Amino acid sequence: MIRRKSILLIILLTASQFGLAQPIAIATKAMGTVEINKNAQPGYISLKAGTILEDGDGIRTGSDGFVLLIFIDDKSQLKVKGDSEVTIFGEKNRFGYIQECSHG
């Protein structure tokens, strides 16, 4: 499992070097009703564990929902509980990532 996560992280970092969308966080756990609104493809769809979040992506949870996000740069965690809406913002600079979350 650790090797699999390491390979995924290497692929994400390589993709970001070629100007593709910048990965900000990874959903490591999703339970109940959890949906994502990808900034690149508007419209909510079901979020599954392993989903990569990019700048401007939105998450909403139903009353039974829960999602755990891990930010790629510093491995910090964000727990989003039921009946919540969160938008993830982030950009890479020379010092690493600047990340921000807004909730509604």
# chains A, B, ... in the order shown; residues from 1 in each chain; ligands from 1
>>> residues_around(residues="Lys48 of chain A", least_positions_apart="6", cutoff="8 Å", atoms="only C-alpha atoms", output="JSON, numbers by chain")
{"A": [27, 29, 30, 34]}
>>> write_last_selection(atoms="N, CA and C atoms", output="mmCIF file, in the first residue's frame")
data_model
loop_
_atom_site.group_PDB
_atom_site.id
_atom_site.type_symbol
_atom_site.label_atom_id
_atom_site.label_comp_id
_atom_site.auth_asym_id
_atom_site.auth_seq_id
_atom_site.Cartn_x
_atom_site.Cartn_y
_atom_site.Cartn_z
ATOM 1 N N ALA A 27 -8.255 12.698 -1.503
ATOM 2 C CA ALA A 27 -9.287 12.171 -0.607
ATOM 3 C C ALA A 27 -8.880 10.745 -0.244
ATOM 4 N N LYS A 29 -10.269 8.960 2.436
ATOM 5 C CA LYS A 29 -11.413 8.224 2.971
ATOM 6 C C LYS A 29 -12.679 8.977 2.602
ATOM 7 N N ALA A 30 -13.687 8.265 2.128
ATOM 8 C CA ALA A 30 -14.987 8.865 1.823
ATOM 9 C C ALA A 30 -16.065 7.880 2.245
ATOM 10 N N VAL A 34 -20.873 11.819 -0.410
ATOM 11 C CA VAL A 34 -19.814 12.803 -0.622
ATOM 12 C C VAL A 34 -19.725 13.055 -2.119
#
>>> closest_residue(among="A:Thr33, A:Gln22, A:Thr28, A:Ser76", to="Gly62 of chain A", atoms="only C-alpha atoms")
A:Thr33
>>> closest_residue(among="A:Gly56, A:Thr61, A:Pro23, A:Val67", to="Phe89 of chain A", atoms="only C-alpha atoms")
A:Gly56
>>> residues_around(residues="Asp55 of chain A", least_positions_apart="2", cutoff="8 Å", atoms="only C-alpha atoms", output="MDAnalysis selection string")
chainID A and resid 21:24 39 53 57 88:91
>>> closest_residue(among="A:Ile59, A:Asn37, A:Asp64, A:Ser46", to="Leu78 of chain A", atoms="only C-alpha atoms")
A:Ile59
